[in-house]
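Taking it in order: structure first as structure tokens, then the write-up.
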Amino acid sequence: MSGWVVIAGLGPGDAALVTPEVRDALAEATDVVGYIPYVRRVTPRPGLTLHESDNRVEVERATHALEMAAEGKRVVVVSSGDPGVFAMASALFEALEAGPEVWLSLEIRVLPGITAMLAAAARLGAPLGHDFCAINLSDNLKPWSLIEHRLRLAAQAGFAMAFYNPRSASRPHQFGEALEILRAECGPDCLISFARNVSKDDETLTTVTLGDATPDMADMRTVVIVGNADTRRVGPHVYTPRRAE
Ligand code: SAH
């Protein structure tokens with residue numbers, strides 16, 4: 001049998017949120033490649049080799065996957081959530097573009113997964129029920145000035161927003177700056193939700209106003225959802241109406 005590469009999303013954490021399509025690909029694989037905690041979510045079995053790698057080596061990891069597929073292996077590259085959302089699918093195509101032309105004839109498929117913001121939004125209610133955007137707050141691959149620019153314009157445009165990678169130990173101050181921009185553009189009454197470890201045993205959901213939000217409410221296991229001016233509470237739920245004036 002000839003080799004292939006599947007780039008698969010494992011969802012936010014709960015095994016029930018892995019799609020049957022992804023399960024089938026894992027059942028057929030000879031090799032699984034990915035960041036350590038994601039590879040550890042795959043059940044070992046005879047005939048399956050697990051390749052764990054560090055977080056910041058995405059293109060090398062993707063190149064390794066393509067090399068193995070070219071040797072005839074059936075390779076699944078795993079990401080959490082959806083592989084196209086701040087994850088491995090783009091890295092794989094970047095490696096493909098830089099690689100030998102023969103790789104272009106390999107079978108490559110991207111299998112979607114439930115991304116963190118949609119899992120979090122479902123738990124909260126429907127905060128992303130009107131127009132929204134997703135922004136990665138990490139400045140590993142882009143300057144912080146660009147992130148600030150996009151935040152400001154998205155807030156001015158009235159988008160609800162989902163923030164990935166909101167606050168890490170290596171850049172503790174930037175999320176505070178992001179909150180300042182949001183308070184200035186959206187006002188203190190706008191709702192902000194912090195969804196941590198969604199769908200895992202230690203999941204927590206906290207919704208406050210921007211006026212009461214503090215930077216320590218977010219970490220790298222949190223996806224942050226900021227509502228638009230119409231986002232409101234109904235009982236324990238948070239939702240954004242579908243209509244806007
Ligand atoms: N491809 C992933 C995102 C990878 S970036 C996806 O589609 O979900 C990693 C960021 O995703 C984390 O810093 C956090 O902001 C978010 N994240 C991933 N899983 C999460 C979960 N179970 N609960 C809350 N946030 C999560």
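Going by the structure tokens order, chains are called A, B, ..., each with residues numbered from 1, while ligands are numbered from 1 in the order shown.
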message = I'd like the neighbourhood of region 69-72 of chain A as a VMD selection string, where a residue qualifies if any of its atoms comes within 7 Å (using only C-alpha atoms), though same-chain residues fewer than 3 positions away should be ignored.
response = chain A and resid 2 to 5 65 to 66 75 103
Please write the residues from the selection above to a file, keeping all heavy atoms, as a PDB file, in the first residue's frame.
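Saved to selection-v7.pdb:
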ATOM      1  N   SER A   2       0.491   2.292  -0.739  1.00  0.00           N
ATOM      2  CA  SER A   2       1.333   3.491  -0.793  1.00  0.00           C
ATOM      3  C   SER A   2       1.071   4.386   0.420  1.00  0.00           C
ATOM      4  O   SER A   2       0.024   4.303   1.062  1.00  0.00           O
ATOM      5  CB  SER A   2       1.075   4.236  -2.095  1.00  0.00           C
ATOM      6  OG  SER A   2      -0.282   4.562  -2.172  1.00  0.00           O
ATOM      7  N   GLY A   3       2.029   5.251   0.680  1.00  0.00           N
ATOM      8  CA  GLY A   3       1.939   6.067   1.888  1.00  0.00           C
ATOM      9  C   GLY A   3       0.999   7.252   1.742  1.00  0.00           C
ATOM     10  O   GLY A   3       0.627   7.638   0.636  1.00  0.00           O
ATOM     11  N   TRP A   4       0.608   7.785   2.872  1.00  0.00           N
ATOM     12  CA  TRP A   4      -0.215   9.004   2.889  1.00  0.00           C
ATOM     13  C   TRP A   4       0.038   9.795   4.164  1.00  0.00           C
ATOM     14  O   TRP A   4       0.612   9.274   5.130  1.00  0.00           O
ATOM     15  CB  TRP A   4      -1.696   8.717   2.712  1.00  0.00           C
ATOM     16  CG  TRP A   4      -2.375   7.607   3.497  1.00  0.00           C
ATOM     17  CD1 TRP A   4      -2.845   6.440   2.974  1.00  0.00           C
ATOM     18  CD2 TRP A   4      -2.695   7.560   4.900  1.00  0.00           C
ATOM     19  NE1 TRP A   4      -3.432   5.672   3.955  1.00  0.00           N
ATOM     20  CE2 TRP A   4      -3.362   6.338   5.146  1.00  0.00           C
ATOM     21  CE3 TRP A   4      -2.470   8.416   5.981  1.00  0.00           C
ATOM     22  CZ2 TRP A   4      -3.805   5.954   6.431  1.00  0.00           C
ATOM     23  CZ3 TRP A   4      -2.916   8.035   7.256  1.00  0.00           C
ATOM     24  CH2 TRP A   4      -3.578   6.826   7.457  1.00  0.00           C
ATOM     25  N   VAL A   5      -0.422  11.038   4.145  1.00  0.00           N
ATOM     26  CA  VAL A   5      -0.395  11.871   5.356  1.00  0.00           C
ATOM     27  C   VAL A   5      -1.801  12.384   5.613  1.00  0.00           C
ATOM     28  O   VAL A   5      -2.447  12.923   4.718  1.00  0.00           O
ATOM     29  CB  VAL A   5       0.535  13.103   5.207  1.00  0.00           C
ATOM     30  CG1 VAL A   5       0.498  13.946   6.483  1.00  0.00           C
ATOM     31  CG2 VAL A   5       1.964  12.702   4.915  1.00  0.00           C
ATOM     32  N   ALA A  65       7.007  13.957   8.707  1.00  0.00           N
ATOM     33  CA  ALA A  65       5.784  13.226   8.316  1.00  0.00           C
ATOM     34  C   ALA A  65       5.775  12.973   6.811  1.00  0.00           C
ATOM     35  O   ALA A  65       5.462  11.862   6.346  1.00  0.00           O
ATOM     36  CB  ALA A  65       4.551  14.032   8.732  1.00  0.00           C
ATOM     37  N   LEU A  66       6.138  13.982   6.022  1.00  0.00           N
ATOM     38  CA  LEU A  66       6.146  13.829   4.562  1.00  0.00           C
ATOM     39  C   LEU A  66       7.220  12.827   4.124  1.00  0.00           C
ATOM     40  O   LEU A  66       6.984  12.007   3.222  1.00  0.00           O
ATOM     41  CB  LEU A  66       6.364  15.199   3.903  1.00  0.00           C
ATOM     42  CG  LEU A  66       5.157  16.145   3.994  1.00  0.00           C
ATOM     43  CD1 LEU A  66       5.578  17.595   3.800  1.00  0.00           C
ATOM     44  CD2 LEU A  66       4.091  15.748   2.971  1.00  0.00           C
ATOM     45  N   VAL A  75       0.813   8.051   7.754  1.00  0.00           N
ATOM     46  CA  VAL A  75       1.181   8.956   8.843  1.00  0.00           C
ATOM     47  C   VAL A  75       0.016   9.864   9.229  1.00  0.00           C
ATOM     48  O   VAL A  75      -0.578  10.510   8.367  1.00  0.00           O
ATOM     49  CB  VAL A  75       2.382   9.839   8.413  1.00  0.00           C
ATOM     50  CG1 VAL A  75       2.857  10.690   9.582  1.00  0.00           C
ATOM     51  CG2 VAL A  75       3.515   8.993   7.857  1.00  0.00           C
ATOM     52  N   TRP A 103       6.911  15.011  -3.640  1.00  0.00           N
ATOM     53  CA  TRP A 103       5.947  15.010  -2.527  1.00  0.00           C
ATOM     54  C   TRP A 103       4.560  15.488  -2.968  1.00  0.00           C
ATOM     55  O   TRP A 103       3.555  15.183  -2.329  1.00  0.00           O
ATOM     56  CB  TRP A 103       6.442  15.919  -1.391  1.00  0.00           C
ATOM     57  CG  TRP A 103       7.549  15.312  -0.571  1.00  0.00           C
ATOM     58  CD1 TRP A 103       8.128  14.083  -0.755  1.00  0.00           C
ATOM     59  CD2 TRP A 103       8.204  15.911   0.551  1.00  0.00           C
ATOM     60  NE1 TRP A 103       9.106  13.883   0.169  1.00  0.00           N
ATOM     61  CE2 TRP A 103       9.184  14.989   0.993  1.00  0.00           C
ATOM     62  CE3 TRP A 103       8.085  17.117   1.223  1.00  0.00           C
ATOM     63  CZ2 TRP A 103      10.017  15.249   2.081  1.00  0.00           C
ATOM     64  CZ3 TRP A 103       8.909  17.375   2.301  1.00  0.00           C
ATOM     65  CH2 TRP A 103       9.861  16.446   2.724  1.00  0.00           C
TER      66      TRP A 103
END
For the interface of chain A with ligand 1 (cut-off 6 Å, counting only C-alpha atoms and all ligand atoms), please tabulate each contacting residue of chain A alongside its nearest pair of atoms and their separation in Å to one decimal, rows sorted by chain and increasing number, as CSV.
residue,atom,partner,partner_atom_place_in_ligand_line,distance
A:Pro12,CA,ligand 1,22 (N),4.0
A:Gly13,CA,ligand 1,22 (N),5.4
A:Ser79,CA,ligand 1,1 (N),5.8
A:Ser80,CA,ligand 1,2 (C),4.8
A:Gly81,CA,ligand 1,6 (C),3.4
A:Asp82,CA,ligand 1,7 (O),3.8
A:Pro83,CA,ligand 1,1 (N),5.1
A:Val85,CA,ligand 1,1 (N),4.6
A:Phe86,CA,ligand 1,4 (C),5.2
A:Ala87,CA,ligand 1,1 (N),4.7
A:Thr115,CA,ligand 1,7 (O),3.5
A:Ala116,CA,ligand 1,8 (O),3.7
A:Tyr164,CA,ligand 1,15 (O),3.6
A:Asn165,CA,ligand 1,13 (O),3.3
A:Pro166,CA,ligand 1,15 (O),5.9
A:Ala195,CA,ligand 1,24 (C),5.4
A:Arg196,CA,ligand 1,24 (C),4.4
A:Asn197,CA,ligand 1,23 (N),3.6
A:Val198,CA,ligand 1,23 (N),3.8
A:Ser199,CA,ligand 1,22 (N),6.0
A:Met220,CA,ligand 1,13 (O),3.9
A:Arg221,CA,ligand 1,14 (C),4.7
A:Thr222,CA,ligand 1,25 (N),4.1
A:Val223,CA,ligand 1,15 (O),3.9
note = Expressed in Å, the length from CA of Ala62 (chain A) to CA of Met88 (chain A) is 7.6 Å
key: Separation of CA of Thr43 (chain A) from CA of Leu106 (chain A) in Å   =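 If I compute the distance from CA of Leu106 (chain A) to CA of Thr43 (chain A), I get 26.1 Å.
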task = Could you please write out, as a ChimeraX atom specification, every residue of region 127-191 of chain A that DSSP assigns to strand (DSSP E or B)?
result = /A:132-136,160-164,168,171,191
Set the distance at 10 Å and use only C-alpha atoms: which residues neighbour Ala169 (chain A) once local chain neighbours fewer than 2 positions away are removed? I'd like the list as a compact mmCIF listing (two decimals) with N, CA and C atoms, in the first residue's frame.
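part_27.txt, freshly written:
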# COMPACT_ATOMS: atom_id res chain seq x y z
N ARG A 167 -2.18 33.98 27.10
CA ARG A 167 -1.19 34.49 28.06
C ARG A 167 -0.24 33.37 28.48
N ARG A 171 5.40 35.68 28.23
CA ARG A 171 4.91 37.03 27.85
C ARG A 171 3.69 37.37 28.72
N PRO A 172 3.93 37.56 30.04
CA PRO A 172 2.82 37.73 30.98
C PRO A 172 2.10 39.07 30.85
N HIS A 173 2.75 40.09 30.28
CA HIS A 173 2.17 41.44 30.31
C HIS A 173 1.23 41.75 29.14
N ASP A 219 -4.69 31.75 30.92
CA ASP A 219 -3.38 31.15 30.74
C ASP A 219 -3.40 30.38 29.41
N MET A 220 -2.39 29.55 29.17
CA MET A 220 -2.30 28.89 27.86
C MET A 220 -3.31 27.75 27.70
Within 12 Å of region 133-152 of chain A: each region 10-85 of chain A residue with its shortest pair, only C-alpha atoms, as a Markdown table:
| residue | atom | partner | partner_atom | distance |
| --- | --- | --- | --- | --- |
| A:Asn55 | CA | A:Asn140 | CA | 11.6 |
| A:Arg56 | CA | A:Asn140 | CA | 9.2 |
| A:Glu58 | CA | A:Leu141 | CA | 11.8 |
| A:Val85 | CA | A:Ala134 | CA | 9.0 |
task = May I ask for the distance between CA of Asn228 (chain A) and CA of Ala160 (chain A), given in Å to one decimal place?
result = 4.7 Å
message = Need the shell around Arg109 (chain A): protein/DNA/RNA residues with any atom at most 12 Å away, counting only C-alpha atoms. Skip same-chain ones fewer than 3 positions apart. Format as a PyMOL selection string?
response = chain A and resi 3-9+21-22+25+74-77+83-84+89+92-93+106+112
task = Write out as a VMD selection string all residues of chain A that DSSP puts in alpha helix (DSSP H) for this structure's backbone.
result = chain A and resid 20 to 28 36 to 39 58 to 70 88 to 98 116 to 124 144 to 156 174 to 186
Which residues come within 9 Å of Leu124 (chain A), counting only C-alpha atoms, excluding same-chain residues fewer than 4 positions away, as a CSV table (one decimal) with C-alpha atoms, in the first residue's frame?
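File produced: part.csv:
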chain,number,residue,atom,x,y,z
A,119,ALA,CA,-16.3,23.8,22.2
A,120,ALA,CA,-16.1,26.8,24.6
A,193,SER,CA,-15.6,34.6,29.1
A,195,ALA,CA,-13.0,28.9,29.2
A,205,LEU,CA,-15.9,28.7,32.8
A,207,THR,CA,-17.8,35.2,32.6
A,236,PRO,CA,-26.6,30.9,33.5
A,237,HIS,CA,-26.1,31.2,29.7
A,238,VAL,CA,-24.3,33.8,27.6
A,239,TYR,CA,-25.5,34.5,24.0
key: Top pick for closest residue to Glu245 (chain A), considering A:Phe194, A:His130, A:Glu180, A:Ala155 and counting only C-alpha atoms   =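 The shortest atom-to-atom distance to Glu245 (chain A) comes from A:His130.
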inquiry  = I'd like to know which of A:Val78, A:Ala122, A:Val59, A:Ala218 is closest to Leu10 (chain A), using only C-alpha atoms.
reply    =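 Smallest distance to Leu10 (chain A) is found for A:Val78.
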message = Just want the 10 Å neighbourhood of region 46-52 of chain A, counted on only C-alpha atoms, with same-chain residues fewer than 5 positions away dropped. Output as number ranges by chain.
response = A: 26-40, 61, 64-65, 74-77
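Take the candidates A:Ile114, A:Ala126, A:Ala121, A:Val208 and check each one against Asp14 (chain A) using only C-alpha atoms; the shortest distance goes to A:Ile114.
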